[in-house]
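Peer 1: Below you'll find the structure I mean.
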Amino acid sequence: MTTSIPETQFADAAPGQRLEQAAAALTAHGFTVEILDDAAAARTRVRELIPDGASVFTGASETLRLSGIDEDINTSGRYEAVKPRTLAMDRTTQADEIRRLRASPDVVVGSVHAVTETGSLVVASGSGSQLPSYSGGAARAIWIVGAQKVVPDLSVALRRVEEHCLPLENARTQEAHGWPSAINRLLILNAEYQPGRGTVLLLRETIGF
């Protein structure tokens, strides 16, 4: 597995035509897709999409942190925020409860590492904590995705994960926690069979890894 310097092509925003193509493919695969101008618009839209009092789990995401969405969900008091609750629990004696809370919230909010123009979402994870809720455990899923994450197909998506996202996440975890990151688990969502469950807010600007 390489940890080379990220390629510039994976950091550049896809033009509007490619965003539209990805949105059309995702829609054909059962996802609800909205193309928004920027992270501020996504922040507002997330507030509109999640009802007060819902249990909400936020996956680890630079997109959520930089946009303010993570703070809105986990500190506003509007929701039953899963992340701060589970972080305060004992990981030895309450491990089963932590796992269940993260796996089946009313809503999971996060991002992905690549969106293909053929209509797939690709998510890599070290711990896998967000993947059960992403894949079907949560009643609803909302992903906020920067324009630089749009790629032609799955083969390029996997290259983006390994060559671009991993080095950046590795640097982040080394600084924050003192240990490296790894692609231990990989989730590919090719379609959403339940209408209205999965929403992709595709941004015209770049944000996150």
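Scheme for the structure tokens: letters A, B, ... for chains in order shown; per-chain residue numbers from 1; ligand numbers from 1 in order shown.
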I'd like the contact shell of range 162-171 of chain A - 12 Å cut-off, only C-alpha atoms, skipping same-chain residues fewer than 3 positions apart - returned as a PyMOL selection string.
Peer 2: chain A and resi 1-12+60-62+112-114+122-126+148-149+155-159+174-184+186+208-209
Peer 1: Could you name the residues that touch Thr86 in chain A at 12 Å or less, counting only C-alpha atoms, but leaving out those on the same chain fewer than 6 positions away, as a list in words?
Peer 2: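 Contacts, with the query itself left out: Val56, Phe57, Thr58, Asn74, Glu80, Thr92, Gln94, Ala95, Asp96, Glu97, Ile98, Arg99, Arg100, Leu101, Arg102, Ala103 and Ser129 of chain A.
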Peer 1: So, counting only C-alpha atoms, which residue among A:Leu66, A:Ala141, A:Val161, A:Ala42 is closest to Leu201 in chain A?
Peer 2: A:Ala42
Peer 1: Counting only C-alpha atoms, what is within 10 Å of Leu203 in chain A, bar same-chain residues fewer than 2 positions away, as a PyMOL selection string?
Peer 2: chain A and resi 13-14+16+19+34-42+144-149+200-201+205-207
Peer 1: Next, write the just-selected residues to a file, as a JSON list (two decimals), in the first residue's frame, keeping N, CA and C atoms as the atom set.
Peer 2:
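File out_17.json, as written:
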[["chain", "number", "residue", "atom", "x", "y", "z"],
["A", 13, "ALA", "N", -11.38, 20.45, -8.15],
["A", 13, "ALA", "CA", -12.83, 20.34, -8.27],
["A", 13, "ALA", "C", -13.24, 19.87, -9.66],
["A", 14, "ALA", "N", -14.14, 18.91, -9.70],
["A", 14, "ALA", "CA", -14.69, 18.47, -10.99],
["A", 14, "ALA", "C", -15.58, 19.57, -11.56],
["A", 16, "GLY", "N", -18.75, 21.39, -13.63],
["A", 16, "GLY", "CA", -20.18, 21.18, -13.48],
["A", 16, "GLY", "C", -20.74, 20.01, -14.26],
["A", 19, "LEU", "N", -20.14, 16.85, -12.38],
["A", 19, "LEU", "CA", -21.02, 16.78, -11.21],
["A", 19, "LEU", "C", -22.43, 16.34, -11.63],
["A", 34, "GLU", "N", -28.62, 16.20, -4.37],
["A", 34, "GLU", "CA", -28.77, 17.64, -4.53],
["A", 34, "GLU", "C", -27.39, 18.23, -4.79],
["A", 35, "ILE", "N", -27.28, 19.05, -5.81],
["A", 35, "ILE", "CA", -26.03, 19.76, -6.08],
["A", 35, "ILE", "C", -26.15, 21.15, -5.47],
["A", 36, "LEU", "N", -25.24, 21.45, -4.54],
["A", 36, "LEU", "CA", -25.27, 22.72, -3.81],
["A", 36, "LEU", "C", -23.99, 23.50, -4.09],
["A", 37, "ASP", "N", -24.06, 24.81, -3.88],
["A", 37, "ASP", "CA", -22.91, 25.66, -4.20],
["A", 37, "ASP", "C", -21.71, 25.41, -3.29],
["A", 38, "ASP", "N", -21.97, 25.29, -1.98],
["A", 38, "ASP", "CA", -20.83, 25.25, -1.05],
["A", 38, "ASP", "C", -21.22, 24.58, 0.26],
["A", 39, "ALA", "N", -20.24, 24.53, 1.17],
["A", 39, "ALA", "CA", -20.45, 23.87, 2.46],
["A", 39, "ALA", "C", -21.47, 24.62, 3.31],
["A", 40, "ALA", "N", -21.52, 25.93, 3.17],
["A", 40, "ALA", "CA", -22.51, 26.70, 3.94],
["A", 40, "ALA", "C", -23.92, 26.29, 3.55],
["A", 41, "ALA", "N", -24.15, 26.09, 2.25],
["A", 41, "ALA", "CA", -25.46, 25.64, 1.80],
["A", 41, "ALA", "C", -25.76, 24.24, 2.31],
["A", 42, "ALA", "N", -24.74, 23.38, 2.35],
["A", 42, "ALA", "CA", -24.93, 22.03, 2.87],
["A", 42, "ALA", "C", -25.26, 22.07, 4.36],
["A", 144, "ILE", "N", -22.14, 14.45, 2.66],
["A", 144, "ILE", "CA", -21.76, 15.73, 2.09],
["A", 144, "ILE", "C", -20.43, 15.53, 1.37],
["A", 145, "VAL", "N", -20.38, 15.87, 0.09],
["A", 145, "VAL", "CA", -19.25, 15.47, -0.75],
["A", 145, "VAL", "C", -18.72, 16.64, -1.56],
["A", 146, "GLY", "N", -17.43, 16.94, -1.39],
["A", 146, "GLY", "CA", -16.80, 18.00, -2.15],
["A", 146, "GLY", "C", -16.59, 17.62, -3.60],
["A", 147, "ALA", "N", -16.48, 18.64, -4.46],
["A", 147, "ALA", "CA", -16.40, 18.42, -5.91],
["A", 147, "ALA", "C", -15.13, 17.71, -6.34],
["A", 148, "GLN", "N", -14.09, 17.72, -5.51],
["A", 148, "GLN", "CA", -12.83, 17.06, -5.88],
["A", 148, "GLN", "C", -12.93, 15.54, -5.76],
["A", 149, "LYS", "N", -13.99, 15.03, -5.16],
["A", 149, "LYS", "CA", -14.12, 13.58, -4.94],
["A", 149, "LYS", "C", -14.79, 12.85, -6.10],
["A", 200, "VAL", "N", -27.27, 12.38, -1.04],
["A", 200, "VAL", "CA", -25.94, 12.88, -1.33],
["A", 200, "VAL", "C", -26.03, 14.37, -1.63],
["A", 201, "LEU", "N", -25.37, 15.18, -0.80],
["A", 201, "LEU", "CA", -25.29, 16.62, -1.05],
["A", 201, "LEU", "C", -23.94, 16.87, -1.73],
["A", 205, "GLU", "N", -17.87, 23.13, -4.62],
["A", 205, "GLU", "CA", -16.57, 23.50, -4.12],
["A", 205, "GLU", "C", -15.84, 22.30, -3.52],
["A", 206, "THR", "N", -14.55, 22.46, -3.29],
["A", 206, "THR", "CA", -13.77, 21.40, -2.66],
["A", 206, "THR", "C", -13.80, 21.58, -1.14],
["A", 207, "ILE", "N", -13.85, 20.46, -0.43],
["A", 207, "ILE", "CA", -13.78, 20.47, 1.03],
["A", 207, "ILE", "C", -13.43, 19.07, 1.50]]
Peer 1: Could you find all residues in chain A that DSSP calls strand (DSSP E or B) from the backbone, and write them as a PyMOL selection string?
Peer 2: chain A and resi 32-36+55-58+80-81+107-110+114-116+121-125+140-145+150-151+185-189+198-203
